Structure formats: C-alpha cells, structure tokens
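Here is the file query_36.json (JSON, C-alpha atoms).
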```json
[["chain", "number", "residue", "atom", "x", "y", "z"],
["A", 182, "MET", "CA", 3.56, -16.09, 46.67],
["A", 183, "ILE", "CA", 0.19, -14.68, 45.59],
["A", 184, "PHE", "CA", 1.64, -11.18, 45.41],
["A", 185, "GLU", "CA", 4.49, -12.43, 43.24],
["A", 186, "LEU", "CA", 2.03, -14.12, 40.86],
["A", 187, "MET", "CA", -0.16, -11.00, 40.72],
["A", 188, "PHE", "CA", 2.93, -8.86, 40.10],
["A", 189, "ARG", "CA", 3.95, -11.08, 37.15],
["A", 190, "TYR", "CA", 0.47, -10.87, 35.61],
["A", 191, "PHE", "CA", 0.41, -7.12, 36.13],
["A", 192, "VAL", "CA", 3.83, -6.62, 34.50],
["A", 193, "GLY", "CA", 2.88, -9.01, 31.67],
["A", 194, "THR", "CA", -0.31, -7.07, 31.02],
["A", 195, "ILE", "CA", 1.59, -3.79, 30.92],
["A", 196, "LEU", "CA", 4.20, -5.20, 28.51],
["A", 197, "ILE", "CA", 1.53, -6.58, 26.18],
["A", 198, "SER", "CA", -0.28, -3.22, 26.24],
["A", 199, "ILE", "CA", 2.92, -1.37, 25.39],
["A", 200, "VAL", "CA", 3.68, -3.70, 22.48],
["A", 201, "MET", "CA", 0.15, -3.45, 21.10],
["A", 202, "THR", "CA", 0.16, 0.33, 21.42],
["A", 203, "GLY", "CA", 3.48, 0.52, 19.64],
["A", 204, "CYS", "CA", 2.15, -1.59, 16.76],
["A", 205, "ASP", "CA", -0.94, 0.59, 16.46],
["A", 206, "SER", "CA", 1.09, 3.78, 16.37],
["A", 207, "CYS", "CA", 3.39, 2.30, 13.69],
["A", 208, "GLN", "CA", 0.34, 1.29, 11.68],
["A", 209, "SER", "CA", -1.34, 4.67, 12.08],
["A", 210, "GLU", "CA", 1.91, 6.42, 11.11],
["A", 211, "PHE", "CA", 2.10, 4.27, 7.97],
["A", 212, "SER", "CA", -1.51, 5.11, 7.10],
["A", 213, "ALA", "CA", -0.94, 8.80, 7.75],
["A", 214, "LEU", "CA", 2.09, 8.83, 5.47],
["A", 215, "LEU", "CA", 0.11, 7.02, 2.77],
["A", 216, "ASP", "CA", -2.59, 9.69, 3.07],
["A", 217, "LYS", "CA", 0.04, 12.41, 2.76],
["A", 218, "THR", "CA", 1.56, 10.69, -0.27],
["A", 219, "GLU", "CA", -1.87, 10.48, -1.89],
["A", 220, "ARG", "CA", -2.41, 14.22, -1.40],
["A", 221, "TYR", "CA", 0.99, 15.04, -2.91],
["A", 222, "ILE", "CA", 0.78, 12.85, -6.03],
["A", 223, "ASP", "CA", -1.04, 15.38, -8.23],
["A", 224, "THR", "CA", 0.54, 18.59, -6.97],
["A", 225, "ARG", "CA", 4.02, 17.65, -5.73],
["A", 226, "SER", "CA", 4.83, 14.33, -7.35],
["A", 227, "ASP", "CA", 8.53, 14.57, -6.46],
["A", 228, "SER", "CA", 7.67, 14.88, -2.76],
["A", 229, "ALA", "CA", 5.26, 11.97, -3.11],
["A", 230, "MET", "CA", 8.12, 9.91, -4.56],
["A", 231, "VAL", "CA", 10.33, 10.66, -1.57],
["A", 232, "LEU", "CA", 7.53, 9.73, 0.83],
["A", 233, "ILE", "CA", 6.61, 6.49, -0.93],
["A", 234, "ASP", "CA", 10.28, 5.46, -1.07],
["A", 235, "SER", "CA", 10.62, 6.10, 2.66],
["A", 236, "LEU", "CA", 7.70, 3.73, 3.31],
["A", 237, "PHE", "CA", 9.32, 0.74, 1.60],
["A", 238, "TYR", "CA", 10.68, -0.54, 4.91],
["A", 239, "PHE", "CA", 7.25, -0.50, 6.57],
["A", 240, "GLU", "CA", 5.31, -2.05, 3.67],
["A", 241, "GLY", "CA", 6.07, -5.64, 4.68],
["A", 242, "LYS", "CA", 5.00, -4.94, 8.25],
["A", 243, "SER", "CA", 1.69, -3.32, 7.43],
["A", 244, "ARG", "CA", -1.73, -4.88, 7.20],
["A", 245, "ARG", "CA", -2.46, -6.52, 3.87],
["A", 246, "GLU", "CA", -4.96, -3.82, 2.89],
["A", 247, "GLU", "CA", -2.52, -0.99, 3.61],
["A", 248, "GLY", "CA", 0.24, -2.89, 1.79],
["A", 249, "MET", "CA", -1.92, -3.11, -1.32],
["A", 250, "ARG", "CA", -2.74, 0.59, -1.07],
["A", 251, "TYR", "CA", 1.01, 1.24, -0.84],
["A", 252, "LEU", "CA", 1.60, -0.75, -4.05],
["A", 253, "VAL", "CA", -1.05, 1.21, -5.96],
["A", 254, "LEU", "CA", 0.23, 4.57, -4.72],
["A", 255, "ARG", "CA", 3.79, 3.54, -5.55],
["A", 256, "ALA", "CA", 2.79, 2.72, -9.14],
["A", 257, "GLN", "CA", 0.86, 5.99, -9.40],
["A", 258, "THR", "CA", 3.82, 7.96, -8.05],
["A", 259, "LEU", "CA", 6.23, 6.27, -10.46],
["A", 260, "HIS", "CA", 3.90, 7.05, -13.36],
["A", 261, "GLU", "CA", 3.42, 10.69, -12.33],
["A", 262, "ASN", "CA", 7.20, 11.11, -12.12],
["A", 263, "HIS", "CA", 7.63, 9.54, -15.57],
["A", 264, "PHE", "CA", 9.49, 6.46, -14.34],
["A", 265, "SER", "CA", 9.03, 3.09, -15.99],
["A", 266, "LEU", "CA", 6.57, 0.76, -14.29],
["A", 267, "THR", "CA", 8.19, -2.38, -15.66],
["A", 268, "ALA", "CA", 10.83, -2.47, -12.92],
["A", 269, "ASP", "CA", 8.14, -2.63, -10.23],
["A", 270, "THR", "CA", 5.43, -5.07, -11.29],
["A", 271, "LEU", "CA", 4.01, -5.54, -7.78],
["A", 272, "VAL", "CA", 0.99, -3.53, -8.86],
["A", 273, "PHE", "CA", -0.32, -6.81, -10.33],
["A", 274, "LEU", "CA", -0.58, -8.15, -6.76],
["A", 275, "ALA", "CA", -2.70, -5.16, -5.85],
["A", 276, "ALA", "CA", -4.92, -5.67, -8.91],
["A", 277, "ASP", "CA", -5.45, -9.30, -7.93],
["A", 278, "TYR", "CA", -6.16, -8.33, -4.33],
["A", 279, "TYR", "CA", -8.67, -5.64, -5.27],
["A", 280, "SER", "CA", -10.39, -7.89, -7.79],
["A", 281, "GLN", "CA", -11.16, -10.26, -4.90],
["A", 282, "HIS", "CA", -11.77, -7.59, -2.24],
["A", 283, "ASP", "CA", -13.72, -4.91, -4.06],
["A", 284, "ASN", "CA", -14.08, -2.64, -1.06],
["A", 285, "ASN", "CA", -12.51, 0.45, -2.60],
["A", 286, "ARG", "CA", -13.56, 1.12, -6.19],
["A", 287, "ARG", "CA", -11.10, 3.98, -6.67],
["A", 288, "LEU", "CA", -8.07, 1.93, -5.63],
["A", 289, "THR", "CA", -9.35, -1.02, -7.66],
["A", 290, "ALA", "CA", -9.59, 1.17, -10.75],
["A", 291, "LEU", "CA", -6.13, 2.62, -10.13],
["A", 292, "ALA", "CA", -4.64, -0.87, -9.67],
["A", 293, "TYR", "CA", -6.17, -1.92, -12.99],
["A", 294, "LEU", "CA", -5.04, 1.27, -14.70],
["A", 295, "TYR", "CA", -1.40, 1.00, -13.62],
["A", 296, "SER", "CA", -1.37, -2.73, -14.38],
["A", 297, "GLY", "CA", -2.50, -1.76, -17.87],
["A", 298, "TYR", "CA", 0.28, 0.83, -18.14],
["A", 299, "THR", "CA", 2.80, -1.77, -17.01],
["A", 300, "TYR", "CA", 1.68, -4.28, -19.62],
["A", 301, "TYR", "CA", 1.67, -1.51, -22.22],
["A", 302, "GLU", "CA", 5.30, -0.70, -21.38],
["A", 303, "LEU", "CA", 6.08, -4.43, -21.64],
["A", 304, "GLU", "CA", 4.47, -4.30, -25.11],
["A", 305, "ASP", "CA", 1.80, -6.85, -24.16],
["A", 306, "TYR", "CA", -0.97, -4.79, -25.70],
["A", 307, "GLY", "CA", -3.72, -7.42, -25.33],
["A", 308, "ARG", "CA", -3.34, -7.65, -21.56],
["A", 309, "ALA", "CA", -2.92, -3.89, -21.32],
["A", 310, "GLU", "CA", -6.22, -3.40, -23.12],
["A", 311, "ASP", "CA", -7.95, -5.88, -20.78],
["A", 312, "TYR", "CA", -6.75, -3.96, -17.72],
["A", 313, "PHE", "CA", -7.69, -0.62, -19.24],
["A", 314, "ARG", "CA", -11.23, -1.93, -19.86],
["A", 315, "LYS", "CA", -11.47, -3.17, -16.27],
["A", 316, "ALA", "CA", -10.31, 0.23, -15.01],
["A", 317, "GLU", "CA", -12.84, 2.02, -17.18],
["A", 318, "ALA", "CA", -15.63, -0.28, -15.95],
["A", 319, "MET", "CA", -14.88, 0.71, -12.36]]
```
Can you present the structure in this file as structure tokens?
Amino acid sequence: MIFELMFRYFVGTILISIVMTGCDSCQSEFSALLDKTERYIDTRSDSAMVLIDSLFYFEGKSRREEGMRYLVLRAQTLHENHFSLTADTLVFLAADYYSQHDNNRRLTALAYLYSGYTYYELEDYGRAEDYFRKAEAM
C-alpha cells in the first residue's frame, strides 16, 4: 500500500517535470526564433517575414511579454517588406502594453513608431503624429 502510494507520487512528479520541461523548451524556442527574426529584419527582411509568419501559431501560447514582442516584430517586418500595416492593427496592443510596462525602451519606441505608421496609413494624421512624438521621446 505504501509502495503503491509512493509509486504514484513518483510517477506524478516525473509527469509534471516532463510537462514543465516541454513548456520551457517551447518558450525558449519561441524566444530564439524571435531573436533570429530580429536579426534578419534589416538584412534579410523576406526571411524575417517567413519566420514571423511561422510563429503565428505559438504567439497565443507564449508569455504576455514575448507575445507583445512578437506583435512589434511582426509590424516591423511588415513595414520592412512594404506591406500595409492597416490589416494587422495588433501593434496597438503592444503600444498599450509597453506604455504600462516600460521595461524595454527600444521595443516601446518601435511599438509607438509602427502604431504611428498604422494610423498614418489609416489617414488619421493626428493620432499618427501623437505616436510619432511618443516614439521620438523614447
């Protein structure tokens, strides 16, 4: 009886460890691919686009901070590849997030910048100017 109970706890502990390790590796893979995307944006923007599109599935499963980074890098990649930002206005979520959690000034500035570009494309020049000023202040 005691051995059966100990066996169940042991197996349960192993299963929990496996699940947690799997989640960490998925998260670290997502972060690594975001890092790779960030390196490619300026030099190989088409490759960055392929990478960022492949991460769409993982974005909802990532930590909030990594999800916001994904949104900013997606907007940057779209802009670098000369795609319209108006179809993907999720960058506003990232701008709101970074305005409240100012832990990364570069990403905050980029979120503001691409929010400004999005409003500019939507021909809302007043809001675009506000976001451009916020980006410049960062």
Which residues of range 243-279 of chain A have any atom within 12 Å of an atom in range 307-315 of chain A when counting only C-alpha atoms, and what is the closest pair of atoms for each, with the distance in Å to one decimal? Order the rows by chain and rising number and write it as JSON lines.
```
{"residue": "A:Val272", "atom": "CA", "partner": "A:Tyr312", "partner_atom": "CA", "distance": 11.8}
{"residue": "A:Phe273", "atom": "CA", "partner": "A:Tyr312", "partner_atom": "CA", "distance": 10.2}
{"residue": "A:Ala276", "atom": "CA", "partner": "A:Tyr312", "partner_atom": "CA", "distance": 9.2}
{"residue": "A:Asp277", "atom": "CA", "partner": "A:Tyr312", "partner_atom": "CA", "distance": 11.2}
{"residue": "A:Tyr279", "atom": "CA", "partner": "A:Lys315", "partner_atom": "CA", "distance": 11.6}
```
Take the point (10.8, 1.0, -15.1) as written in the file and pick out every residue within 12 Å of it, counting all atoms listed in the file; give the list as a short mmCIF file (atom, residue, chain, number, x, y, z; two decimals) with C-alpha atoms, keeping the file's coordinate frame.
```
data_model
loop_
_atom_site.label_atom_id
_atom_site.label_comp_id
_atom_site.auth_asym_id
_atom_site.auth_seq_id
_atom_site.Cartn_x
_atom_site.Cartn_y
_atom_site.Cartn_z
CA ALA A 256 2.79 2.72 -9.14
CA LEU A 259 6.23 6.27 -10.46
CA HIS A 260 3.90 7.05 -13.36
CA ASN A 262 7.20 11.11 -12.12
CA HIS A 263 7.63 9.54 -15.57
CA PHE A 264 9.49 6.46 -14.34
CA SER A 265 9.03 3.09 -15.99
CA LEU A 266 6.57 0.76 -14.29
CA THR A 267 8.19 -2.38 -15.66
CA ALA A 268 10.83 -2.47 -12.92
CA ASP A 269 8.14 -2.63 -10.23
CA THR A 270 5.43 -5.07 -11.29
CA LEU A 271 4.01 -5.54 -7.78
CA TYR A 298 0.28 0.83 -18.14
CA THR A 299 2.80 -1.77 -17.01
CA TYR A 300 1.68 -4.28 -19.62
CA TYR A 301 1.67 -1.51 -22.22
CA GLU A 302 5.30 -0.70 -21.38
CA LEU A 303 6.08 -4.43 -21.64
#
```
Quiz item: Do you have the CA of Ala316 in chain A-CA of Tyr293 in chain A distance handy?
Solution: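 So the answer is 5.1 Å.
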Quiz item: Which one is closest to Ser209 in chain A: A:Asn285, A:Tyr295, A:Thr224, A:Glu247? Count all atoms listed in the file.
Solution: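 Distance minimum relative to Ser209 in chain A lands on A:Glu247.
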Practice problem: Using CA of Lys217 in chain A and CA of Ala229 in chain A as the two end points, give the distance in Å to one decimal. | Solution: 7.9 Å
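CA of Arg287 in chain A is positioned 16.1 Å from CA of Leu274 in chain A.
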Quiz item: Which residues come within 10 Å of Ser228 in chain A, counting only C-alpha atoms, excluding same-chain residues fewer than 5 positions away, as number ranges by chain?
Solution: A: 217-218, 221-222, 233-234, 258
Assuming 3 Å of padding per side, give the centre and edge lengths of the axis-aligned box around every listed atom of range 290-308 of chain A, in Å to one decimal and as AutoDock Vina command-line options.
```
--center_x -1.8 --center_y -2.5 --center_z -17.7 --size_x 21.7 --size_y 16.3 --size_z 22.0
```
